[in-house]
Every structure is written in structure tokens, then in C-alpha cells.
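What follows is a single structure, written as C-alpha cells, with notes after it.
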Amino acid sequence: MSTEKKPKNVFVQGPITPEKIATSIAHHQVKTNIGGHDIFLGQVRADEIDGKTVSAIDYTAYEEMANQTFHEIREAAFEKFDLTCMHIYHSLGRVNAGEICLFVFTSSAHRKDCFEATRYLVEEIKTKVPVFGKEVFEDGSHTWKENK
Amino acid sequence: MSTEKKPKNVFVQGPITPEKIATSIAHHQVKTNIGGHDIFLGQVRADEIDGKTVSAIDYTAYEEMANQTFHEIREAAFEKFDLTCMHIYHSLGRVNAGEICLFVFTSSAHRKDCFEATRYLVEEIKTKVPVFGKEVFEDGSHTWKENK
Amino acid sequence: MKLNVKYFGMIAEWAGSENGQLDFSGTSVAELRCEIEKRIPGLNSASYQIAVNHVVAANEAIITLGDEIAILPPFAGG
Amino acid sequence: MKLNVKYFGMIAEWAGSENGQLDFSGTSVAELRCEIEKRIPGLNSASYQIAVNHVVAANEAIITLGDEIAILPPFAGG
């Protein structure tokens with residue numbers, strides 16, 4: 001009998017909507033030990049690359065490995081910071097410029113923990129999670145995004 | 001003729017709702033030069049103080065000075081960080097435990113700026129803005145909150 | 001000179017009012033502190049700041065007729 | 001041994017497929033790199049990582065039959 005938690009599925013199809021974010025915030029109003037929330041939202045930019053404008057990013061992932069890595073990152077953050085709650089969602093498939101592709105949400109009694117945790121999580125996600133982004137231009141051609 | 005901007009009114013009556021936050025996020029989806037948003041939400045805690053539980057905070061402010069100070073903090077943040085947008089809202093009046101009293105929202109092309117700006121803004125607000133909080137207990141008695 | 005003084009938060013509670021008038025014969029913020037502490041019980045052992053015309057003022061700052069004076073208890077924003 | 005290999009992102013594009021099978025006679029990840037670079041044009045001058053059983057593997061790591069192999073181009077999450 002294993003007590004290990006199965007990794008949750010972090011991925012959602014398509015963009016993350018403002019309504020989903022509002023619902024998630026509202027769910028925390030019963031948790032009256034929370035004093036601060038820090039939310040990071042990644043939004044797709046209409047970057048200009050070699051004279052062409054990005055109209056969307058088409059996300060794919062090595063899902064089993066990505067969910068396992070998200071799980072490890074979450075566990076590490078719970079160890080490092082005194083958090084009440086932590087939620088992470090990432091898009092798969094097409095996300096248009098201006099839409100949200102990443103939602104990282106941490107909550108804590110005091111602001112220091114949520115501030116540091118959200119930043120830690122975003123940096124870890126960018127460097128460790130196997131998610132791939134095809135930047136699609138207005139003319140249908142594409143290039144591949146690479147995190148710095 | 002003065003070119004100085006008049007300070008905006010940062011205050012809203014009562015709690016800040018998840019719907020207001022969602023609307024604010026949605027308004028940024030036309031700004032396709034944004035790559036990251038960082039949102040801090042302050043939430044009223046049901047702290048236990050000398051055996052009594054806080055049920056709400058009743059916020060008052062020296063409004064003219066507070067709006068002037070918010071304005072200066074905003075201008076300083078725009079100087080220090082490369083931001084696309086910045087929004088700050090603070091509650092006045094009664095905010096129940098679990099409800100949101102502060103909403104700080106910054107957006108930038110790259111994540112570093114919004115992360116640093118939101119944190120800077122929250123620290124500045126906590127130390128410089130004349131807002132006062134009466135912590136009301138369940139039995140109707142009260143004490144006065146003090147930022148650390 | 002007659003000064004209009006605003007009180008906030010716990011200090012308004014101690015003063016029993018959000019506005020007061022003070023007949024002030026001094027010139028500096030330090031002197032104003034002494035004057036106000038005589039009138040508001042508890043203030044001399046409390047932590048508070050004085051704002052003159054919406055800006056927190058040092059003890060050396062000079063007060064002139066018509067200035068907007070506010071007595072500010074510790075901040076609790078956010 | 002026969003290895004099943006997954007390709008992602010731009011590497012899947014270069015490989016023309018998201019899955020491939022490879023007859024591998026070596027033992028280490030370094031050897032696997034050489035083998036795969038022979039098959040996928042452009043890969044030898046690209047930046048990529050190899051995951052073995054969902055974990056990024058160093059060049060010295062040993063590959064055994066049944067391992068899940070994935071060839072990962074640079075990450076772009078967030």
C-alpha cells in the first residue's frame with residue numbers, strides 16, 4: 001500500500017479564463033487563516049520575430065513527465081515556504097496572444113511566503129517542466145519558443 | 001497650467017470581489033505586449049487575539065494624504081520597473097474575515113518586472129499609506145491593527 | 001494661532017472626535033507634540049506620527065497658520 | 001535492444017513523427033545521443049535533453065531495455 005500522492009493533472013485545454021481565476025480566488029474566502037495571496041499569470045505576447053507577428057502559441061507537453069515534475073516542484077515549495085494553499089494550471093493547445101497560459105496561485109498567513117513561493121514556482125516551471133511552445137504567426141508559419 | 005496628474009482614488013467601499021479582479025484581468029487581454037501579471041491580494045484573517053476571534057476589519061483612511069501617497073508610490077514604481085500597467089485598490093469600511101481588502105496588480109513584458117513591482121508596492125503601501133484598521137471581534141469589542 | 005487638527009483611528013477614539021481645534025503658541029512639530037499629548041490621554045506613551053499638509057513631518061518642521069495637521073496612529077493598510 | 005523513443009516539439013517536427021523505434025547497441029545516454037543524431041537531421045547542432053523514465057538523464061546514465069526514452073527540445077512553459 002503506497003502513501004505516495006498521485007500527481008494531479010496541471011494541464012487545461014486552451015486558455016485559462018479570468019472566470020476560472022475568479023472562481024479559484026472565491027474558493028479561498030472560507031480559509032480565514034490566509035492573509036495574502038500572490039498570483040502569477042503568464043500571458044501570450046504578440047512578439048514580432050523577423051518581421052512577423054505571433055498570433056498564438058500552440059502548447060504541447062510530455063504530460064506524464066510534466067505532471068510528475070509539477071508534483072515535485074509543488075512538494076519542494078510546500079517544504080520551503082509556509083503556505084496554506086497552492087494551485088498551478090498550464091494550458092495545452094492553442095492560446096491566442098493576449099490570453100493566459102499559466103496560472104500560479106499561492107496563499108499564506110503572511111505575505112512573505114506567498115510572494116517568495118509564487119516566484120520560486122514560476123522559475124522552476126520555466127526551467128524544469130517539459131512544455132513546448134509553437135509560436136504561430138499570422139501567416140500560418142511558425143517558430144519554436146525557448147525559455148530564457 | 002499644471003501638467004501634474006491628479007491622484008486617482010484608490011479606495012473602494014467594502015471588500016474587493018473576485019469578479020472585480022476577473023474583470024480587471026480580462027481588460028488586459030487586448031494588451032498583447034504583456035507577458036506576465038503579478039497580483040497580490042490582501043485578505044482579512046480571523047486572527048485570535050487574547051482568546052477572541054477577529055470577525056472583520058473596519059478600514060478608515062486619511063483619504064487625501066493616502067491617495068497622494070499611493071500616487072507617489074505608483075510613480076516611483078513606474079520609474080523603477082518596466083511596467084505596462086499598474087492597478088491598486090484598497091477597501092474602506094467593513095471587510096469580513098476571508099474577504100479581500102487590498103488588490104495590487106502589475107503587468108510587464110517579462111516576469112521579473114511585475115514580480116518585483118508588486119512586492120515593492122505592497123511593502124510601500126504597508127509602511128507609507130495612512131490607512132487604519134479596527135479589528136472587530138465576534139462579541140463587538142475591538143482592537144487596532146498595526147502593520148509590522 | 002488656531003490650528004485645525006484631524007485625528008484618526010485609535011487616536012480619534014482617545015480624543016473622542018475626528019477633528020479638534022487647538023490654540024497653539026509654538027512653532028515646531030515637537031512643540032505641537034507636547035501640546036497635543038497634554039490633551040489626549042495615552043498619546044504620550046503611544047507611537048504616532050504628525051502629518052503637515054499630507055506629508056509626515058519631522059520634529060523640527062515648522063507649523064504655520066492654515067496648515068492641515070493630522071495625528072496618525074500606526075498604519076494598518078493591506 | 002529495441003528502444004521506443006518519444007519526440008517532442010521541434011524535434012518531433014524534424015523527426016517527422018512523435019514516436020520512433022531505435023535499434024540501440026550501446027549502453028549510455030551519450031551513446032544514444034550519437035545514435036539519434038545520426039537519424040535526425042539538425043539535432044547535432046541543437047540544444048536538447050534526453051529523459052529516461054520521465055527524468056532528465058546525464059550522459060553517463062545507463063539505458064536498459066524497457067526504459068521510456070524522450071528527446072526534449074528547450075522548454076517553453078509559462
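Residues in the C-alpha cells are named by chain (A, B, ... in the order shown) and by number from 1 within that chain; ligands are numbered from 1 in the order shown.
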
task: May I ask you to extract the residues of chain B within 10 Å of chain A, using only C-alpha atoms, and to give them as a ChimeraX atom specification?
output: /B:17-48,54-55,96-112,114-116,118-119,122-123

- prompt: Out of chain C, which residues get helix (DSSP H, G or I) from DSSP, as a list in words?
  reply: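 Matching residues for helix (DSSP H, G or I) in chain C are Gly9, Met10, Ile11, Ala12, Glu13, Trp14, Ala15, Val29, Ala30, Glu31, Leu32, Arg33, Cys34, Glu35, Ile36, Glu37, Lys38, Arg39, Leu43, Asn44 and Ser45 of chain C.
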
query: Excluding same-chain residues fewer than 6 positions from Val29 of chain D, what lies within 10 Å of it counting only C-alpha atoms, as an MDAnalysis selection string?
result: chainID D and resid 35 50:52 57:63 69

Deliver the residues from the most recent selection as a file, using all heavy atoms, as an mmCIF file, in the first residue's frame.
```
data_model
loop_
_atom_site.group_PDB
_atom_site.id
_atom_site.type_symbol
_atom_site.label_atom_id
_atom_site.label_comp_id
_atom_site.auth_asym_id
_atom_site.auth_seq_id
_atom_site.Cartn_x
_atom_site.Cartn_y
_atom_site.Cartn_z
ATOM 1 N N GLU D 35 23.678 8.050 -31.626
ATOM 2 C CA GLU D 35 22.790 7.248 -32.462
ATOM 3 C C GLU D 35 21.632 8.086 -33.011
ATOM 4 O O GLU D 35 21.318 8.041 -34.209
ATOM 5 C CB GLU D 35 22.263 6.080 -31.613
ATOM 6 C CG GLU D 35 21.868 4.853 -32.390
ATOM 7 C CD GLU D 35 23.001 4.403 -33.298
ATOM 8 O OE1 GLU D 35 24.132 4.144 -32.804
ATOM 9 O OE2 GLU D 35 22.746 4.331 -34.518
ATOM 10 N N ILE D 50 17.804 14.481 -22.940
ATOM 11 C CA ILE D 50 17.200 13.151 -23.025
ATOM 12 C C ILE D 50 16.634 12.781 -21.661
ATOM 13 O O ILE D 50 17.330 12.898 -20.646
ATOM 14 C CB ILE D 50 18.234 12.108 -23.498
ATOM 15 C CG1 ILE D 50 18.657 12.436 -24.943
ATOM 16 C CG2 ILE D 50 17.680 10.687 -23.383
ATOM 17 C CD1 ILE D 50 19.633 11.453 -25.558
ATOM 18 N N ALA D 51 15.365 12.421 -21.640
ATOM 19 C CA ALA D 51 14.758 11.945 -20.404
ATOM 20 C C ALA D 51 14.654 10.427 -20.453
ATOM 21 O O ALA D 51 14.267 9.854 -21.474
ATOM 22 C CB ALA D 51 13.376 12.550 -20.216
ATOM 23 N N VAL D 52 15.040 9.796 -19.360
ATOM 24 C CA VAL D 52 14.884 8.351 -19.224
ATOM 25 C C VAL D 52 13.896 8.114 -18.083
ATOM 26 O O VAL D 52 14.118 8.584 -16.963
ATOM 27 C CB VAL D 52 16.237 7.669 -18.934
ATOM 28 C CG1 VAL D 52 16.045 6.158 -18.755
ATOM 29 C CG2 VAL D 52 17.240 7.961 -20.045
ATOM 30 N N ALA D 57 18.293 12.790 -18.008
ATOM 31 C CA ALA D 57 19.413 11.893 -17.709
ATOM 32 C C ALA D 57 20.741 12.512 -18.131
ATOM 33 O O ALA D 57 20.836 13.186 -19.164
ATOM 34 C CB ALA D 57 19.212 10.564 -18.443
ATOM 35 N N ALA D 58 21.752 12.293 -17.307
ATOM 36 C CA ALA D 58 23.110 12.731 -17.639
ATOM 37 C C ALA D 58 23.686 11.802 -18.705
ATOM 38 O O ALA D 58 23.184 10.688 -18.919
ATOM 39 C CB ALA D 58 23.980 12.697 -16.388
ATOM 40 N N ASN D 59 24.750 12.234 -19.354
ATOM 41 C CA ASN D 59 25.360 11.434 -20.422
ATOM 42 C C ASN D 59 25.847 10.072 -19.941
ATOM 43 O O ASN D 59 25.869 9.110 -20.699
ATOM 44 C CB ASN D 59 26.535 12.203 -21.040
ATOM 45 C CG ASN D 59 26.055 13.201 -22.086
ATOM 46 O OD1 ASN D 59 25.008 13.001 -22.715
ATOM 47 N ND2 ASN D 59 26.798 14.274 -22.262
ATOM 48 N N GLU D 60 26.228 9.995 -18.662
ATOM 49 C CA GLU D 60 26.764 8.743 -18.108
ATOM 50 C C GLU D 60 25.670 7.724 -17.763
ATOM 51 O O GLU D 60 25.965 6.567 -17.499
ATOM 52 C CB GLU D 60 27.558 9.022 -16.818
ATOM 53 C CG GLU D 60 28.681 10.019 -16.976
ATOM 54 C CD GLU D 60 28.172 11.445 -17.114
ATOM 55 O OE1 GLU D 60 27.335 11.857 -16.308
ATOM 56 O OE2 GLU D 60 28.577 12.122 -18.077
ATOM 57 N N ALA D 61 24.426 8.165 -17.730
ATOM 58 C CA ALA D 61 23.341 7.274 -17.290
ATOM 59 C C ALA D 61 23.245 6.062 -18.217
ATOM 60 O O ALA D 61 23.529 6.148 -19.413
ATOM 61 C CB ALA D 61 22.028 8.031 -17.253
ATOM 62 N N ILE D 62 22.839 4.946 -17.639
ATOM 63 C CA ILE D 62 22.766 3.678 -18.369
ATOM 64 C C ILE D 62 21.320 3.406 -18.791
ATOM 65 O O ILE D 62 20.387 3.595 -18.010
ATOM 66 C CB ILE D 62 23.271 2.524 -17.465
ATOM 67 C CG1 ILE D 62 24.723 2.776 -17.047
ATOM 68 C CG2 ILE D 62 23.135 1.157 -18.169
ATOM 69 C CD1 ILE D 62 25.699 2.929 -18.190
ATOM 70 N N ILE D 63 21.190 2.978 -20.017
ATOM 71 C CA ILE D 63 19.857 2.677 -20.561
ATOM 72 C C ILE D 63 19.653 1.172 -20.583
ATOM 73 O O ILE D 63 20.551 0.417 -20.995
ATOM 74 C CB ILE D 63 19.731 3.261 -21.982
ATOM 75 C CG1 ILE D 63 19.705 4.792 -21.884
ATOM 76 C CG2 ILE D 63 18.487 2.741 -22.679
ATOM 77 C CD1 ILE D 63 19.923 5.491 -23.183
ATOM 78 N N ILE D 69 12.194 6.446 -23.226
ATOM 79 C CA ILE D 69 13.167 7.443 -23.687
ATOM 80 C C ILE D 69 12.414 8.602 -24.349
ATOM 81 O O ILE D 69 11.502 8.375 -25.150
ATOM 82 C CB ILE D 69 14.122 6.835 -24.737
ATOM 83 C CG1 ILE D 69 14.767 5.532 -24.227
ATOM 84 C CG2 ILE D 69 15.160 7.857 -25.182
ATOM 85 C CD1 ILE D 69 15.705 5.707 -23.081
#
```

message: Tell me as a list in words which residues belonging to chain D come within 6 Å of chain A, counting only C-alpha atoms.
response: Gly9, His54, Pro74, Phe75, Ala76, Gly77 and Gly78 of chain D

Best match for closeness to Leu121 of chain A among A:Glu72, A:Ala56, A:Pro7, A:Val12, counting only C-alpha atoms: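 For Leu121 of chain A, the nearest of the candidates is A:Glu72.
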